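Heads up, the thing below is written out as structure tokens.
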There are 2 protein chains.
Amino acid sequence: MLDALVNTLSKYVTLTPEEVTIVGSLFTFRTFRKHQYILQEGEITRHETFIVKGVTRTFEVDEKGQEHVLQFGLEDWWVGDLYSFLTETPAKSNIDCLEDTQVYQITKPNLETLYEKVPKMERHFRIVIQNAYIAAIKRVASSLAKSATERYLDFTSQYPQIEQRVPNHQIASYLGITPQSLSRLRSQPHKKQK
Amino acid sequence: MLDALVNTLSKYVTLTPEEVTIVGSLFTFRTFRKHQYILQEGEITRHETFIVKGVTRTFEVDEKGQEHVLQFGLEDWWVGDLYSFLTETPAKSNIDCLEDTQVYQITKPNLETLYEKVPKMERHFRIVIQNAYIAAIKRVASSLAKSATERYLDFTSQYPQIEQRVPNHQIASYLGITPQSLSRLRSQPHKKQK
DNA sequence: CGAAAATTTGACATGACTCAACTGGAGTGG
DNA sequence: CCACTCCAGTTGAGTCATGTCAAATTTTCG
């Protein structure tokens, strides 16, 4: 179980056996069933969450009551409302599980302890945040530059694993289009994408 | 001159006189004239840039040759292609100046030195990145949830200073619409925004 | 002053939305 | 095991927001 966490961390930092023990002592393992919430709007995010197994969906609800998917989460990904976690303010986003999901979670105090005892972990989390930032910028750029069809094709080629495990109407929400539009552009016979 | 930099840094970290001296020794002051580039696509970003005076525009060019504004930069803001800076790979974005602009710049080696000599600066830069990330997420959420008119109204209320100093067609590019559309939605007499 | 750039306006095209109906599969209870 | 419901997905028709192309007008700046 811990292996999944340690293996992924090892991609970015090398951990000694003692450090692995420290990591093990600071994270909590937890499972959620399909449809359960890891985080609900209005709560203060108390944990950052590392997904061992399963699929999550991070979404916001706008003033008109519409849901908008900001991110899907898969094995080895971190999810959470970073802003809420860091500032200890109520979250604006929700995270629920699209499948039964297993995670490791760390609280803010434990994360501080981790930084203290294993300083190189600070580097790892800076990289996680940077990657998240870069992904967000890319998404802004693509929403400015590309049509719905192009964004869908990008999505399927970039995240084929997600496409297979998530209902279409959630993908539509992620892409910022209606399920009907998604259905239509999926059915049209490979229009030239220029 | 240094004051502008130090004042802003002081919002996040308290610096002793010696630390101010260190900061002063690691940053370089530079001026750019309107239309000059701080960064051009394909170059490796050697500096992170702090704006003392002026306005910048960060943009990408898509395969069709269209420019898309990712960010405007104003006094007290940091700009730069973070990914390129950190990974030392060629930048995908360009940054040019919409007015004569004065900046402080820091190289990667100097930034490492700064972290070493004034460790609390690491905290400052983590916060800068976090804020940038949060702004990017907000922008994704708003591009999913809102109409062009709503995004424009959000923009003008959130960045009135920018609206006054930047040509409309650049704002249109930032909003992801054509200059014609922007002109039209500006002229329509305050439609209900529900 | 005059050229180039920015903005506005008009006419028309189109991509994506809404509303509505229909299909098919998954789960539930009699 | 079938009838029923629920929900995701698809399809059709009409509408609307925004884009495209083109031209007129205004502003900027050398």
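Labeling convention for the structure tokens: chains A, B, ... as they appear, residues from 1 per chain, ligands from 1 in order of appearance.
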Q: Extract the full set of alpha helix (DSSP H) residues from segment 72-116 of chain A according to DSSP on the backbone, and format it as a list in words.
A: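 Of segment 72-116 of chain A, only Leu82, Tyr83, Ser84, Phe85, Leu86, Thr87, Lys108, Pro109, Asn110, Leu111, Glu112, Thr113, Leu114, Tyr115 and Glu116 of chain A fall in alpha helix (DSSP H).
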Write out as a Markdown table the residues of segment 104-193 of chain A that have any atom within 8 Å of an atom of segment 1-25 of chain C, one row each with the nearest atom pair and its distance in Å to one decimal, counting only C-alpha atoms (C1' of nucleotides), sorted by chain and then rising number.
| residue | atom | partner | partner_atom | distance |
| --- | --- | --- | --- | --- |
| A:Ile177 | CA | C:DA16 | C1' | 7.8 |
| A:Thr178 | CA | C:DC17 | C1' | 7.7 |
| A:Ser181 | CA | C:DA16 | C1' | 6.8 |
Export of the given selection (C-alpha atoms) as a compact mmCIF listing (two decimals), in the first residue's frame:
# COMPACT_ATOMS: atom_id res chain seq x y z
CA ILE A 177 -19.40 22.32 -23.82
CA THR A 178 -22.78 20.61 -23.48
CA SER A 181 -22.31 19.11 -28.49
What separation in Å, quoted to one decimal, exists between atom CA of Ser142 of chain A and atom CA of Asp154 of chain A?
->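 Distance between the two atoms: 9.2 Å.
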Item to complete: Report as a list in words the set of chain B residues whose atoms approach chain C to within 10 Å, with distances computed over only C-alpha atoms (C1' of nucleotides).
Response: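 Contact residues on the first chain: Pro167, Asn168, His169, Pro179, Gln180, Ser183, Arg184 and Ser187 of chain B.
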Residues of chain A that approach chain B to 12 Å or less, counting only C-alpha atoms: could you list each one with the shortest pair of atoms and its distance in Å to one decimal, rows by chain and increasing residue number, as JSON lines?
{"residue": "A:Thr58", "atom": "CA", "partner": "B:Ala141", "partner_atom": "CA", "distance": 11.3}
{"residue": "A:Phe59", "atom": "CA", "partner": "B:Ala141", "partner_atom": "CA", "distance": 9.0}
{"residue": "A:Glu60", "atom": "CA", "partner": "B:Ala141", "partner_atom": "CA", "distance": 7.7}
{"residue": "A:Val61", "atom": "CA", "partner": "B:Ala145", "partner_atom": "CA", "distance": 8.9}
{"residue": "A:Asp62", "atom": "CA", "partner": "B:Ala145", "partner_atom": "CA", "distance": 6.8}
{"residue": "A:Glu63", "atom": "CA", "partner": "B:Ala145", "partner_atom": "CA", "distance": 9.2}
{"residue": "A:Lys64", "atom": "CA", "partner": "B:Lys194", "partner_atom": "CA", "distance": 8.6}
{"residue": "A:Gly65", "atom": "CA", "partner": "B:Ala145", "partner_atom": "CA", "distance": 10.3}
{"residue": "A:Gln66", "atom": "CA", "partner": "B:Ala145", "partner_atom": "CA", "distance": 7.9}
{"residue": "A:Glu67", "atom": "CA", "partner": "B:Ala145", "partner_atom": "CA", "distance": 8.6}
{"residue": "A:His68", "atom": "CA", "partner": "B:Leu144", "partner_atom": "CA", "distance": 6.8}
{"residue": "A:Val69", "atom": "CA", "partner": "B:Ala141", "partner_atom": "CA", "distance": 8.4}
{"residue": "A:Leu70", "atom": "CA", "partner": "B:Ala141", "partner_atom": "CA", "distance": 6.8}
{"residue": "A:Gln71", "atom": "CA", "partner": "B:Ile137", "partner_atom": "CA", "distance": 10.0}
{"residue": "A:Asp81", "atom": "CA", "partner": "B:Ile134", "partner_atom": "CA", "distance": 9.7}
{"residue": "A:Leu82", "atom": "CA", "partner": "B:Ile134", "partner_atom": "CA", "distance": 8.2}
{"residue": "A:Tyr83", "atom": "CA", "partner": "B:Ile134", "partner_atom": "CA", "distance": 6.9}
{"residue": "A:Ser84", "atom": "CA", "partner": "B:Ile134", "partner_atom": "CA", "distance": 10.3}
{"residue": "A:Phe85", "atom": "CA", "partner": "B:Gln130", "partner_atom": "CA", "distance": 11.5}
{"residue": "A:Leu86", "atom": "CA", "partner": "B:Gln130", "partner_atom": "CA", "distance": 9.3}
{"residue": "A:Thr87", "atom": "CA", "partner": "B:Ile127", "partner_atom": "CA", "distance": 10.8}
{"residue": "A:Lys92", "atom": "CA", "partner": "B:Lys138", "partner_atom": "CA", "distance": 10.5}
{"residue": "A:Ser93", "atom": "CA", "partner": "B:Ala141", "partner_atom": "CA", "distance": 10.3}
{"residue": "A:Glu122", "atom": "CA", "partner": "B:Arg126", "partner_atom": "CA", "distance": 10.2}
{"residue": "A:Arg123", "atom": "CA", "partner": "B:Arg126", "partner_atom": "CA", "distance": 10.5}
{"residue": "A:Phe125", "atom": "CA", "partner": "B:Arg126", "partner_atom": "CA", "distance": 9.9}
{"residue": "A:Arg126", "atom": "CA", "partner": "B:Arg126", "partner_atom": "CA", "distance": 7.1}
{"residue": "A:Ile127", "atom": "CA", "partner": "B:Leu86", "partner_atom": "CA", "distance": 9.8}
{"residue": "A:Val128", "atom": "CA", "partner": "B:Gln130", "partner_atom": "CA", "distance": 11.0}
{"residue": "A:Ile129", "atom": "CA", "partner": "B:Gln130", "partner_atom": "CA", "distance": 7.2}
{"residue": "A:Gln130", "atom": "CA", "partner": "B:Ile129", "partner_atom": "CA", "distance": 7.2}
{"residue": "A:Asn131", "atom": "CA", "partner": "B:Tyr83", "partner_atom": "CA", "distance": 8.5}
{"residue": "A:Ala132", "atom": "CA", "partner": "B:Tyr133", "partner_atom": "CA", "distance": 7.3}
{"residue": "A:Tyr133", "atom": "CA", "partner": "B:Tyr133", "partner_atom": "CA", "distance": 4.7}
{"residue": "A:Ile134", "atom": "CA", "partner": "B:Tyr83", "partner_atom": "CA", "distance": 6.9}
{"residue": "A:Ala135", "atom": "CA", "partner": "B:Ala136", "partner_atom": "CA", "distance": 9.3}
{"residue": "A:Ala136", "atom": "CA", "partner": "B:Ala136", "partner_atom": "CA", "distance": 5.8}
{"residue": "A:Ile137", "atom": "CA", "partner": "B:Ala136", "partner_atom": "CA", "distance": 6.1}
{"residue": "A:Lys138", "atom": "CA", "partner": "B:Ala136", "partner_atom": "CA", "distance": 9.5}
{"residue": "A:Arg139", "atom": "CA", "partner": "B:Val140", "partner_atom": "CA", "distance": 7.1}
{"residue": "A:Val140", "atom": "CA", "partner": "B:Val140", "partner_atom": "CA", "distance": 5.9}
{"residue": "A:Ala141", "atom": "CA", "partner": "B:Leu70", "partner_atom": "CA", "distance": 6.8}
{"residue": "A:Ser142", "atom": "CA", "partner": "B:Asp62", "partner_atom": "CA", "distance": 9.1}
{"residue": "A:Ser143", "atom": "CA", "partner": "B:Ser143", "partner_atom": "CA", "distance": 7.6}
{"residue": "A:Leu144", "atom": "CA", "partner": "B:Gly176", "partner_atom": "CA", "distance": 4.9}
{"residue": "A:Ala145", "atom": "CA", "partner": "B:Asp62", "partner_atom": "CA", "distance": 6.7}
{"residue": "A:Lys146", "atom": "CA", "partner": "B:Asp62", "partner_atom": "CA", "distance": 9.0}
{"residue": "A:Ser147", "atom": "CA", "partner": "B:Gly176", "partner_atom": "CA", "distance": 11.3}
{"residue": "A:Ala148", "atom": "CA", "partner": "B:Leu144", "partner_atom": "CA", "distance": 11.7}
{"residue": "A:Ala172", "atom": "CA", "partner": "B:Leu144", "partner_atom": "CA", "distance": 10.5}
{"residue": "A:Ser173", "atom": "CA", "partner": "B:Leu144", "partner_atom": "CA", "distance": 8.1}
{"residue": "A:Tyr174", "atom": "CA", "partner": "B:Leu144", "partner_atom": "CA", "distance": 8.0}
{"residue": "A:Leu175", "atom": "CA", "partner": "B:Leu144", "partner_atom": "CA", "distance": 7.7}
{"residue": "A:Gly176", "atom": "CA", "partner": "B:Leu144", "partner_atom": "CA", "distance": 4.8}
{"residue": "A:Ile177", "atom": "CA", "partner": "B:Leu144", "partner_atom": "CA", "distance": 8.1}
{"residue": "A:Thr178", "atom": "CA", "partner": "B:Leu144", "partner_atom": "CA", "distance": 10.8}
{"residue": "A:Gln193", "atom": "CA", "partner": "B:Lys64", "partner_atom": "CA", "distance": 11.7}
{"residue": "A:Lys194", "atom": "CA", "partner": "B:Lys64", "partner_atom": "CA", "distance": 8.6}
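Here atom CA of Gln170 of chain A stands at a distance of 19.8 Å from atom C1' of DT11 of chain D.
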Return the neighbours of chain B among the residues of chain D, cut-off 12 Å, counting only C-alpha atoms (C1' of nucleotides), as a PDB file with C-alpha atoms (C1' of nucleotides), in the first residue's frame.
ATOM      1  C1'  DA D  17     -23.677  34.456 -29.622  1.00  0.00           C
ATOM      2  C1'  DT D  18     -19.685  35.076 -31.741  1.00  0.00           C
ATOM      3  C1'  DG D  19     -16.829  34.751 -35.859  1.00  0.00           C
ATOM      4  C1'  DT D  20     -15.569  36.299 -40.688  1.00  0.00           C
ATOM      5  C1'  DC D  21     -15.041  39.491 -44.247  1.00  0.00           C
ATOM      6  C1'  DT D  27      -6.748  57.772 -33.286  1.00  0.00           C
ATOM      7  C1'  DT D  28      -1.851  57.518 -32.871  1.00  0.00           C
TER       8       DT D  28
END
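Atom pair atom CA of Gln105 of chain B / atom CA of Ile162 of chain B has a distance of 22.2 Å (rounded to one decimal).
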| task | Pick out each residue of segment 36-102 of chain B that DSSP on the backbone tags as strand (DSSP E or B); I need them as a PyMOL selection string. | result | chain B and resi 37-39+44+47-53+56-61+67-73+78-79+90+94-97+101-102
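Distance check against Ile106 of chain A using only C-alpha atoms: of A:Lys11, A:Arg186, A:Arg165, A:His47, the minimum falls on A:His47.
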* Write out as number ranges by chain the residues lying within 9 Å of Thr14 of chain A, counting only C-alpha atoms (C1' of nucleotides) and excluding same-chain residues fewer than 4 positions away. => A: 9-10, 120
